[in-house]
Each structure stands twice: as C-alpha cells, then as structure tokens.
>>> print(open('query_34.pdb').read())   # PDB, C-alpha atoms
ATOM      1  CA  MET M   1     -24.413 -70.693  47.916
ATOM      2  CA  ARG M   2     -26.357 -73.439  49.650
ATOM      3  CA  VAL M   3     -28.863 -72.385  52.205
ATOM      4  CA  HIS M   4     -29.850 -74.833  54.926
ATOM      5  CA  PRO M   5     -33.427 -74.313  55.894
ATOM      6  CA  GLY M   6     -33.984 -74.025  59.658
ATOM      7  CA  ARG M   7     -30.292 -73.340  60.423
ATOM      8  CA  ARG M   8     -29.199 -69.985  61.810
ATOM      9  CA  ASP M   9     -26.725 -67.966  59.809
ATOM     10  CA  GLU M  10     -23.468 -67.792  61.836
ATOM     11  CA  ARG M  11     -21.459 -65.824  59.335
ATOM     12  CA  GLY M  12     -19.577 -62.943  60.982
ATOM     13  CA  ALA M  13     -19.471 -64.557  64.438
ATOM     14  CA  ILE M  14     -15.644 -64.625  64.435
ATOM     15  CA  ALA M  15     -15.590 -60.928  63.579
ATOM     16  CA  VAL M  16     -17.625 -60.185  66.696
ATOM     17  CA  TYR M  17     -15.289 -62.256  68.884
ATOM     18  CA  ALA M  18     -12.252 -60.574  67.324
ATOM     19  CA  ALA M  19     -13.745 -57.116  67.794
ATOM     20  CA  VAL M  20     -14.080 -57.816  71.508
ATOM     21  CA  LEU M  21     -10.952 -59.899  72.154
ATOM     22  CA  VAL M  22      -8.305 -58.022  70.179
ATOM     23  CA  PRO M  23      -8.661 -54.752  72.119
ATOM     24  CA  VAL M  24      -8.741 -56.664  75.419
ATOM     25  CA  LEU M  25      -5.585 -58.592  74.525
ATOM     26  CA  ALA M  26      -3.871 -55.429  73.287
ATOM     27  CA  LEU M  27      -4.711 -53.548  76.489
ATOM     28  CA  THR M  28      -3.481 -56.474  78.596
ATOM     29  CA  LEU M  29      -0.208 -56.583  76.685
ATOM     30  CA  MET M  30       0.243 -52.809  77.052
ATOM     31  CA  PHE M  31      -0.433 -53.060  80.778
ATOM     32  CA  PHE M  32       2.223 -55.737  81.308
ATOM     33  CA  VAL M  33       4.838 -53.920  79.198
ATOM     34  CA  ASP M  34       4.263 -50.696  81.159
ATOM     35  CA  ALA M  35       4.252 -52.576  84.465
ATOM     36  CA  ALA M  36       7.628 -54.072  83.510
ATOM     37  CA  CYS M  37       8.971 -50.565  82.746
ATOM     38  CA  ARG M  38       7.751 -49.391  86.136
ATOM     39  CA  TRP M  39       9.250 -52.371  87.971
ATOM     40  CA  ASN M  40      12.572 -51.955  86.136
ATOM     41  CA  THR M  41      12.775 -48.283  87.131
ATOM     42  CA  TRP M  42      11.869 -49.114  90.748
ATOM     43  CA  ARG M  43      14.590 -51.772  90.844
ATOM     44  CA  ASP M  44      17.211 -49.330  89.503
ATOM     45  CA  ALA M  45      16.111 -46.581  91.897
ATOM     46  CA  THR M  46      16.207 -48.943  94.874
ATOM     47  CA  ALA M  47      19.671 -50.241  93.944
ATOM     48  CA  ALA M  48      20.939 -46.649  93.618
ATOM     49  CA  ALA M  49      19.333 -45.711  96.961
ATOM     50  CA  ASP M  50      20.959 -48.729  98.629
ATOM     51  CA  ALA M  51      24.405 -47.784  97.306
ATOM     52  CA  ALA M  52      23.871 -44.134  98.268
ATOM     53  CA  ALA M  53      22.817 -45.099 101.805
ATOM     54  CA  ARG M  54      25.907 -47.269 102.206
ATOM     55  CA  ALA M  55      28.065 -44.377 100.980
ATOM     56  CA  ALA M  56      26.397 -41.899 103.330
ATOM     57  CA  ALA M  57      26.877 -44.226 106.300
ATOM     58  CA  GLU M  58      30.583 -44.710 105.540
ATOM     59  CA  PRO M  59      32.290 -41.744 107.272
ATOM     60  CA  SER M  60      35.166 -39.628 106.004
ATOM     61  CA  PRO M  61      38.276 -38.842 108.102
ATOM     62  CA  ALA M  62      36.821 -35.356 108.741
ATOM     63  CA  GLU M  63      34.027 -36.913 110.761
ATOM     64  CA  PHE M  64      36.243 -38.304 113.496
ATOM     65  CA  VAL M  65      36.145 -35.739 116.260
ATOM     66  CA  GLY M  66      38.170 -36.458 119.388
ATOM     67  CA  GLY M  67      38.451 -40.116 118.498
ATOM     68  CA  GLN M  68      34.696 -40.479 118.034
ATOM     69  CA  LEU M  69      32.742 -40.760 114.808
ATOM     70  CA  VAL M  70      30.291 -37.900 114.318
ATOM     71  CA  LEU M  71      28.329 -38.466 111.110
ATOM     72  CA  LYS M  72      27.666 -35.013 109.652
ATOM     73  CA  ALA M  73      24.482 -34.385 107.687
ATOM     74  CA  ASP M  74      26.021 -32.287 104.924
ATOM     75  CA  LEU M  75      28.881 -34.725 104.319
ATOM     76  CA  ALA M  76      26.528 -37.712 104.366
ATOM     77  CA  GLN M  77      24.313 -35.960 101.810
ATOM     78  CA  ALA M  78      27.332 -35.173  99.622
ATOM     79  CA  ARG M  79      28.509 -38.793  99.665
ATOM     80  CA  ALA M  80      25.040 -40.078  98.807
ATOM     81  CA  SER M  81      24.659 -37.501  96.034
ATOM     82  CA  SER M  82      27.992 -38.476  94.477
ATOM     83  CA  VAL M  83      26.795 -42.081  94.117
ATOM     84  CA  LEU M  84      23.343 -41.093  92.869
ATOM     85  CA  ALA M  85      24.826 -38.702  90.299
ATOM     86  CA  VAL M  86      26.599 -41.599  88.562
ATOM     87  CA  SER M  87      23.236 -43.342  88.116
ATOM     88  CA  GLY M  88      21.505 -40.116  87.090
ATOM     89  CA  TYR M  89      19.266 -39.902  90.164
ATOM     90  CA  VAL M  90      18.650 -37.311  92.854
ATOM     91  CA  GLY M  91      17.720 -38.419  96.357
ATOM     92  CA  LYS M  92      16.803 -37.232  99.791
ATOM     93  CA  VAL M  93      18.979 -38.307 102.712
ATOM     94  CA  SER M  94      17.713 -38.536 106.265
ATOM     95  CA  VAL M  95      19.752 -39.676 109.245
ATOM     96  CA  THR M  96      18.333 -40.801 112.572
ATOM     97  CA  SER M  97      20.062 -39.674 115.747
ATOM     98  CA  ASN M  98      20.123 -43.113 117.339
ATOM     99  CA  VAL M  99      23.473 -44.764 118.102
ATOM    100  CA  PRO M 100      24.856 -45.795 115.696
ATOM    101  CA  PRO M 101      23.098 -43.511 113.189
ATOM    102  CA  THR M 102      20.862 -44.988 110.497
ATOM    103  CA  VAL M 103      20.875 -43.418 107.044
ATOM    104  CA  THR M 104      17.845 -43.622 104.777
ATOM    105  CA  VAL M 105      18.014 -42.490 101.154
ATOM    106  CA  THR M 106      14.837 -42.001  99.148
ATOM    107  CA  VAL M 107      15.078 -41.774  95.384
ATOM    108  CA  THR M 108      12.141 -40.716  93.241
ATOM    109  CA  ALA M 109      12.554 -41.629  89.597
ATOM    110  CA  ARG M 110      10.460 -40.799  86.552
ATOM    111  CA  VAL M 111       9.211 -43.849  84.660
ATOM    112  CA  ASP M 112       9.587 -43.864  80.880
ATOM    113  CA  TYR M 113       6.619 -45.925  79.731
ATOM    114  CA  VAL M 114       6.347 -47.511  76.324
ATOM    115  CA  PHE M 115       2.585 -47.028  76.095
ATOM    116  CA  SER M 116       0.116 -45.266  78.325
ATOM    117  CA  GLY M 117       1.839 -44.172  81.502
ATOM    118  CA  GLY M 118      -1.412 -44.701  83.338
ATOM    119  CA  LEU M 119       0.377 -46.447  86.184
ATOM    120  CA  GLY M 120       1.796 -43.275  87.743
ATOM    121  CA  SER M 121       4.540 -41.036  86.440
ATOM    122  CA  SER M 122       7.173 -41.886  89.057
ATOM    123  CA  VAL M 123       8.367 -44.565  91.478
ATOM    124  CA  THR M 124      10.152 -44.280  94.807
ATOM    125  CA  GLY M 125      13.075 -46.470  95.817
ATOM    126  CA  THR M 126      14.378 -46.509  99.367
ATOM    127  CA  GLY M 127      17.698 -47.694 100.765
ATOM    128  CA  THR M 128      18.828 -47.897 104.364
ATOM    129  CA  ALA M 129      22.247 -48.362 105.928
ATOM    130  CA  VAL M 130      23.541 -48.255 109.492
ATOM    131  CA  ALA M 131      26.886 -46.687 110.354
ATOM    132  CA  GLU M 132      29.312 -49.018 112.102
ATOM    133  CA  SER M 133      29.511 -46.776 115.144
ATOM    134  CA  GLY M 134      29.293 -43.158 116.259
ATOM    135  CA  VAL M 135      26.662 -40.469 116.600
ATOM    136  CA  PHE M 136      24.916 -38.071 114.235
ATOM    137  CA  SER M 137      25.376 -34.318 113.992
ATOM    138  CA  GLY M 138      23.188 -31.859 112.098
ATOM    139  CA  GLY M 139      20.131 -32.092 109.851
TER     140      GLY M 139
ATOM    141  CA  MET Z   1      15.344 -63.910  87.742
ATOM    142  CA  THR Z   2      15.753 -62.606  84.199
ATOM    143  CA  ALA Z   3      19.124 -62.615  82.424
ATOM    144  CA  ASN Z   4      19.301 -58.819  82.686
ATOM    145  CA  GLY Z   5      18.478 -59.031  86.385
ATOM    146  CA  GLU Z   6      21.216 -61.602  86.944
ATOM    147  CA  VAL Z   7      23.824 -59.519  85.154
ATOM    148  CA  GLU Z   8      22.775 -56.388  87.054
ATOM    149  CA  ALA Z   9      22.917 -58.275  90.355
ATOM    150  CA  ALA Z  10      26.403 -59.505  89.418
ATOM    151  CA  ALA Z  11      27.447 -55.910  88.660
ATOM    152  CA  ARG Z  12      26.135 -54.768  92.058
ATOM    153  CA  ALA Z  13      28.036 -57.566  93.805
ATOM    154  CA  GLY Z  14      31.136 -56.631  91.802
ATOM    155  CA  ALA Z  15      30.807 -52.959  92.710
ATOM    156  CA  ARG Z  16      30.446 -53.729  96.418
ATOM    157  CA  ALA Z  17      33.499 -55.994  96.242
ATOM    158  CA  ALA Z  18      35.522 -53.402  94.289
ATOM    159  CA  ALA Z  19      34.675 -50.703  96.840
ATOM    160  CA  THR Z  20      36.458 -52.672  99.546
ATOM    161  CA  ALA Z  21      39.745 -52.902  97.618
ATOM    162  CA  ARG Z  22      42.874 -50.873  98.230
ATOM    163  CA  SER Z  23      44.050 -50.500  94.648
ATOM    164  CA  LEU Z  24      42.666 -50.550  91.118
ATOM    165  CA  GLY Z  25      44.253 -53.947  90.478
ATOM    166  CA  GLU Z  26      42.707 -55.419  93.575
ATOM    167  CA  ALA Z  27      39.380 -53.793  92.730
ATOM    168  CA  ARG Z  28      39.390 -55.462  89.298
ATOM    169  CA  GLN Z  29      40.269 -58.790  90.857
ATOM    170  CA  ARG Z  30      37.583 -58.541  93.523
ATOM    171  CA  ALA Z  31      34.908 -57.310  91.131
ATOM    172  CA  SER Z  32      35.630 -60.111  88.641
ATOM    173  CA  ALA Z  33      35.620 -62.770  91.341
ATOM    174  CA  ALA Z  34      32.357 -61.541  92.868
ATOM    175  CA  ALA Z  35      30.557 -61.110  89.553
ATOM    176  CA  ARG Z  36      31.717 -64.427  88.102
ATOM    177  CA  THR Z  37      30.907 -66.338  91.281
ATOM    178  CA  MET Z  38      27.410 -64.947  91.129
ATOM    179  CA  LEU Z  39      26.912 -65.731  87.459
ATOM    180  CA  ASP Z  40      28.421 -69.215  87.813
ATOM    181  CA  GLN Z  41      25.610 -70.140  90.161
ATOM    182  CA  ASP Z  42      22.958 -69.663  87.487
ATOM    183  CA  SER Z  43      24.989 -70.034  84.284
ATOM    184  CA  THR Z  44      22.652 -67.904  82.183
ATOM    185  CA  CYS Z  45      25.690 -66.442  80.457
ATOM    186  CA  ARG Z  46      26.810 -68.346  77.398
ATOM    187  CA  SER Z  47      30.169 -66.580  77.373
ATOM    188  CA  VAL Z  48      32.702 -65.787  80.077
ATOM    189  CA  PRO Z  49      31.415 -62.542  81.612
ATOM    190  CA  LYS Z  50      33.517 -59.436  81.013
ATOM    191  CA  VAL Z  51      33.980 -57.239  84.050
ATOM    192  CA  GLY Z  52      35.144 -53.637  83.752
ATOM    193  CA  VAL Z  53      36.123 -51.357  86.635
ATOM    194  CA  ASP Z  54      36.187 -47.597  86.265
ATOM    195  CA  GLN Z  55      37.049 -44.581  88.454
ATOM    196  CA  PHE Z  56      38.719 -46.254  91.414
ATOM    197  CA  GLY Z  57      40.213 -44.169  94.233
ATOM    198  CA  ALA Z  58      39.661 -43.153  97.833
ATOM    199  CA  GLY Z  59      36.312 -41.370  98.086
ATOM    200  CA  ALA Z  60      35.607 -41.897  94.381
ATOM    201  CA  VAL Z  61      32.578 -43.684  93.005
ATOM    202  CA  VAL Z  62      33.732 -46.898  91.377
ATOM    203  CA  THR Z  63      31.603 -48.225  88.535
ATOM    204  CA  VAL Z  64      31.569 -51.891  87.585
ATOM    205  CA  THR Z  65      30.185 -53.032  84.249
ATOM    206  CA  VAL Z  66      29.424 -56.688  83.536
ATOM    207  CA  THR Z  67      28.604 -57.971  80.056
ATOM    208  CA  CYS Z  68      27.924 -61.454  78.772
ATOM    209  CA  SER Z  69      25.965 -63.070  75.973
ATOM    210  CA  VAL Z  70      22.665 -64.698  76.885
ATOM    211  CA  ASP Z  71      20.061 -66.642  74.931
ATOM    212  CA  THR Z  72      16.945 -64.818  73.841
ATOM    213  CA  VAL Z  73      13.619 -66.174  75.115
ATOM    214  CA  PHE Z  74      12.892 -68.303  72.052
ATOM    215  CA  GLY Z  75      16.439 -68.219  70.737
ATOM    216  CA  GLY Z  76      17.012 -71.932  71.075
ATOM    217  CA  VAL Z  77      13.858 -72.770  69.154
ATOM    218  CA  LEU Z  78      14.153 -70.167  66.435
ATOM    219  CA  GLY Z  79      17.933 -70.366  66.077
ATOM    220  CA  MET Z  80      18.449 -66.711  66.946
ATOM    221  CA  ARG Z  81      21.833 -65.365  67.962
ATOM    222  CA  PRO Z  82      22.462 -64.747  71.683
ATOM    223  CA  ARG Z  83      22.145 -61.124  72.725
ATOM    224  CA  VAL Z  84      24.518 -59.176  74.963
ATOM    225  CA  ALA Z  85      23.224 -58.372  78.463
ATOM    226  CA  THR Z  86      24.874 -55.519  80.313
ATOM    227  CA  GLY Z  87      24.679 -54.595  83.967
ATOM    228  CA  GLU Z  88      26.213 -51.557  85.613
ATOM    229  CA  ALA Z  89      26.494 -50.602  89.278
ATOM    230  CA  SER Z  90      28.299 -47.935  91.282
ATOM    231  CA  GLU Z  91      29.577 -47.860  94.819
ATOM    232  CA  ARG Z  92      31.560 -45.292  96.766
ATOM    233  CA  VAL Z  93      35.067 -46.332  97.793
ATOM    234  CA  SER Z  94      35.855 -45.810 101.448
ATOM    235  CA  GLU Z  95      38.276 -42.969 102.129
ATOM    236  CA  PHE Z  96      40.033 -45.205 104.630
ATOM    237  CA  ARG Z  97      40.632 -48.157 102.328
ATOM    238  CA  GLY Z  98      40.774 -46.966  98.730
ATOM    239  CA  GLY Z  99      44.048 -45.845  97.197
ATOM    240  CA  LEU Z 100      46.263 -47.063  99.997
ATOM    241  CA  ASP Z 101      48.696 -48.894  97.709
TER     242      ASP Z 101
END
>>> encode(input="query_34.pdb", output="structure tokens")
Amino acid sequence: MRVHPGRRDERGAIAVYAAVLVPVLALTLMFFVDAACRWNTWRDATAAADAAARAAAEPSPAEFVGGQLVLKADLAQARASSVLAVSGYVGKVSVTSNVPPTVTVTVTARVDYVFSGGLGSSVTGTGTAVAESGVFSGG
Amino acid sequence: MTANGEVEAAARAGARAAATARSLGEARQRASAAARTMLDQDSTCRSVPKVGVDQFGAGAVVTVTVTCSVDTVFGGVLGMRPRVATGEASERVSEFRGGLD
C-alpha cells in the first residue's frame, strides 16, 4: 500500500457516516409508517362516526309522537351502534337538546402499528349530524 | 389522494346513495352510479370499478364494496402488475324509504 506523507488517513470515514445516518433514516422511516397507520385508523374511525351520526339523526317511525319528531336517546344510540358494529367499532352518542337536535358520535379506535406504537395507542374520530326537524328526549 | 383513499371515498359515496334507495335493485344502481362518477373524476382505476351492495332493507345497514385495479407506485417503471384496491363503507337505510317496493 502506498502511503502519502503529510496526508491524513481517511479510511473508515464512510463507516462513521453510515453508523450515524442509517439509524436516523431507519427511525424516520419507522415514524412515517406508524404515522400512516395512525392516520388510516383515524380516517376509518371518522368515516364510521359520520355514518353512525347520520343513522342516529335519522328517526324511526316510533319517534313520531303526536305528529312531532321526538328523537329518543336509546333509539339513536341503537341506530348508531348498528352502523358502528358493521365496521367493528364502538362509539359514544350524545345528542344536544336544541331544535332540531344535533347528534355527535365519538369513536375511539385502537391503532395497530407496524413498528413502535410510540405515537399513542388509540385515535378518536368524531362525526356530527343534525336531524331534519323535531326535538330530543332522554339522555 | 391515494388510490386506496379514492376507492374508499367512492365506497362511502356509494353507501350514502344506496341508503336513499327504495329497493335492492335501486340501491345497486345508485351505489354504482355514485361510485363510478366519483372514480371517473380521477381515473386512478385501470379497470371498470366493481360495486357490490349487501344487506339492503328498511332499518338495515347497507354495505357497499368497491374494487378496482390500480397501478402500484413504481409499477409503470418496473413493469409490475396493477394491484386491487378495495374500499368498503356502511350506511343505515332509512326506515321510511328502504324496502318500500
């Protein structure tokens, strides 16, 4: 091997760069993959909450009392739950007593991460729908 | 929007359209029209999207499934086969409209 007098030996410099950069790049990649998992779950949960809220705000014939729509809490919850069950979610339904009533469904979903799961174990999706007319009873 | 996102959005539009129908036949028609109109706007699908409607009836939860083949990210460059993207969405059918026919 030729040795150049007065020139610094740079052998191994790439190994140092690689030792620093590879873990950083790997961690960045893991972060984005997990963030995508989280976003995907949030999107699904929000879509399910939206559909559940629309279902809860759509009354059944049993909720017409004396010609007026009275949105009942237990029936609204049952309608929302039936939609959420198809998607495999469970949600909380709340109805405001303003006229017409506004239904809000909150779905909390567990995130299945590919890597770390350091971004939080669950996400919350919220959907809101307003009934066409009527008042709210119960809850 | 990603191909999966587009197909899922089309399924949601199809489900909302199907939930306003009065019969299963009409639900299929409405779901297909809504989903295809949505996918035509972006044309990510390389095939004609397939639209399936399940569990239609008054007060039931109708489920619409949309599938179509889409290019992979580097598919065009690497000559890879298109993959199948699937979207599924559910919507409750009104007790006043569904199953009237």
>>> resolve_selection(input="query_34.pdb", expression="the PyMOL selection byres ((chain M and resi 37) around 8)", output="list in words")
Val33, Asp34, Ala35, Ala36, Arg38, Trp39, Asn40, Thr41, Val111, Asp112, Tyr113 and Val114 of chain M
>>> closest_atom_pairs(input="query_34.pdb", of="chain Z", to="chain M", cutoff="7 Å", atoms="all atoms listed in the file", output="tab-separated table")
residue	atom	partner	partner_atom	distance
Z:Val61	CA	M:Val83	CA	6.1
Z:Ser90	CA	M:Val83	CA	6.7
Z:Glu91	CA	M:Ala51	CA	5.7
Z:Arg92	CA	M:Ala55	CA	5.6
Z:Ser94	CA	M:Glu58	CA	6.8
Z:Glu95	CA	M:Ser60	CA	6.0
>>> resolve_selection(input="query_34.pdb", expression="the PyMOL selection byres ((chain Z and resi 3) around 9)", output="VMD selection string")
chain Z and resid 1 to 2 4 to 8 44 to 45 70 to 71 85
>>> resolve_selection(input="query_34.pdb", expression="the PyMOL selection byres ((chain M and resi 120-128) around 7)", output="MDAnalysis selection string")
chainID M and resid 42 45:46 49:50 53 103:111 117:119 129:130
>>> atom_distance(input="query_34.pdb", atom1="CA of Ala19 in chain Z", atom2="CA of Arg97 in chain Z")
8.5 Å
>>> atom_distance(input="query_34.pdb", atom1="CA of Val48 in chain Z", atom2="CA of Val84 in chain Z")
11.7 Å
>>> atom_distance(input="query_34.pdb", atom1="CA of Ala27 in chain Z", atom2="CA of Phe96 in chain Z")
14.7 Å
>>> closest_residue(input="query_34.pdb", among="M:Thr96, M:Ser116, M:Ala13, M:Leu25", to="Ala131 in chain M", atoms="all atoms listed in the file")
M:Thr96
>>> residues_around(input="query_34.pdb", residues="Ala31 in chain Z", least_positions_apart="2", cutoff="9 Å", atoms="all atoms listed in the file", output="PDB file with C-alpha atoms, keeping the file's coordinate frame")
ATOM      1  CA  ALA Z  10      26.403 -59.505  89.418  1.00  0.00           C
ATOM      2  CA  ALA Z  11      27.447 -55.910  88.660  1.00  0.00           C
ATOM      3  CA  ALA Z  13      28.036 -57.566  93.805  1.00  0.00           C
ATOM      4  CA  GLY Z  14      31.136 -56.631  91.802  1.00  0.00           C
ATOM      5  CA  ALA Z  15      30.807 -52.959  92.710  1.00  0.00           C
ATOM      6  CA  ARG Z  16      30.446 -53.729  96.418  1.00  0.00           C
ATOM      7  CA  ALA Z  17      33.499 -55.994  96.242  1.00  0.00           C
ATOM      8  CA  ALA Z  18      35.522 -53.402  94.289  1.00  0.00           C
ATOM      9  CA  ALA Z  19      34.675 -50.703  96.840  1.00  0.00           C
ATOM     10  CA  GLU Z  26      42.707 -55.419  93.575  1.00  0.00           C
ATOM     11  CA  ALA Z  27      39.380 -53.793  92.730  1.00  0.00           C
ATOM     12  CA  ARG Z  28      39.390 -55.462  89.298  1.00  0.00           C
ATOM     13  CA  GLN Z  29      40.269 -58.790  90.857  1.00  0.00           C
ATOM     14  CA  ALA Z  33      35.620 -62.770  91.341  1.00  0.00           C
ATOM     15  CA  ALA Z  34      32.357 -61.541  92.868  1.00  0.00           C
ATOM     16  CA  ALA Z  35      30.557 -61.110  89.553  1.00  0.00           C
ATOM     17  CA  ARG Z  36      31.717 -64.427  88.102  1.00  0.00           C
ATOM     18  CA  VAL Z  51      33.980 -57.239  84.050  1.00  0.00           C
ATOM     19  CA  GLY Z  52      35.144 -53.637  83.752  1.00  0.00           C
ATOM     20  CA  VAL Z  53      36.123 -51.357  86.635  1.00  0.00           C
ATOM     21  CA  VAL Z  64      31.569 -51.891  87.585  1.00  0.00           C
TER      22      VAL Z  64
END
>>> closest_residue(input="query_34.pdb", among="M:Ala15, M:Ser97, M:Gly88, M:Leu27", to="Lys72 in chain M", atoms="all atoms listed in the file")
M:Ser97
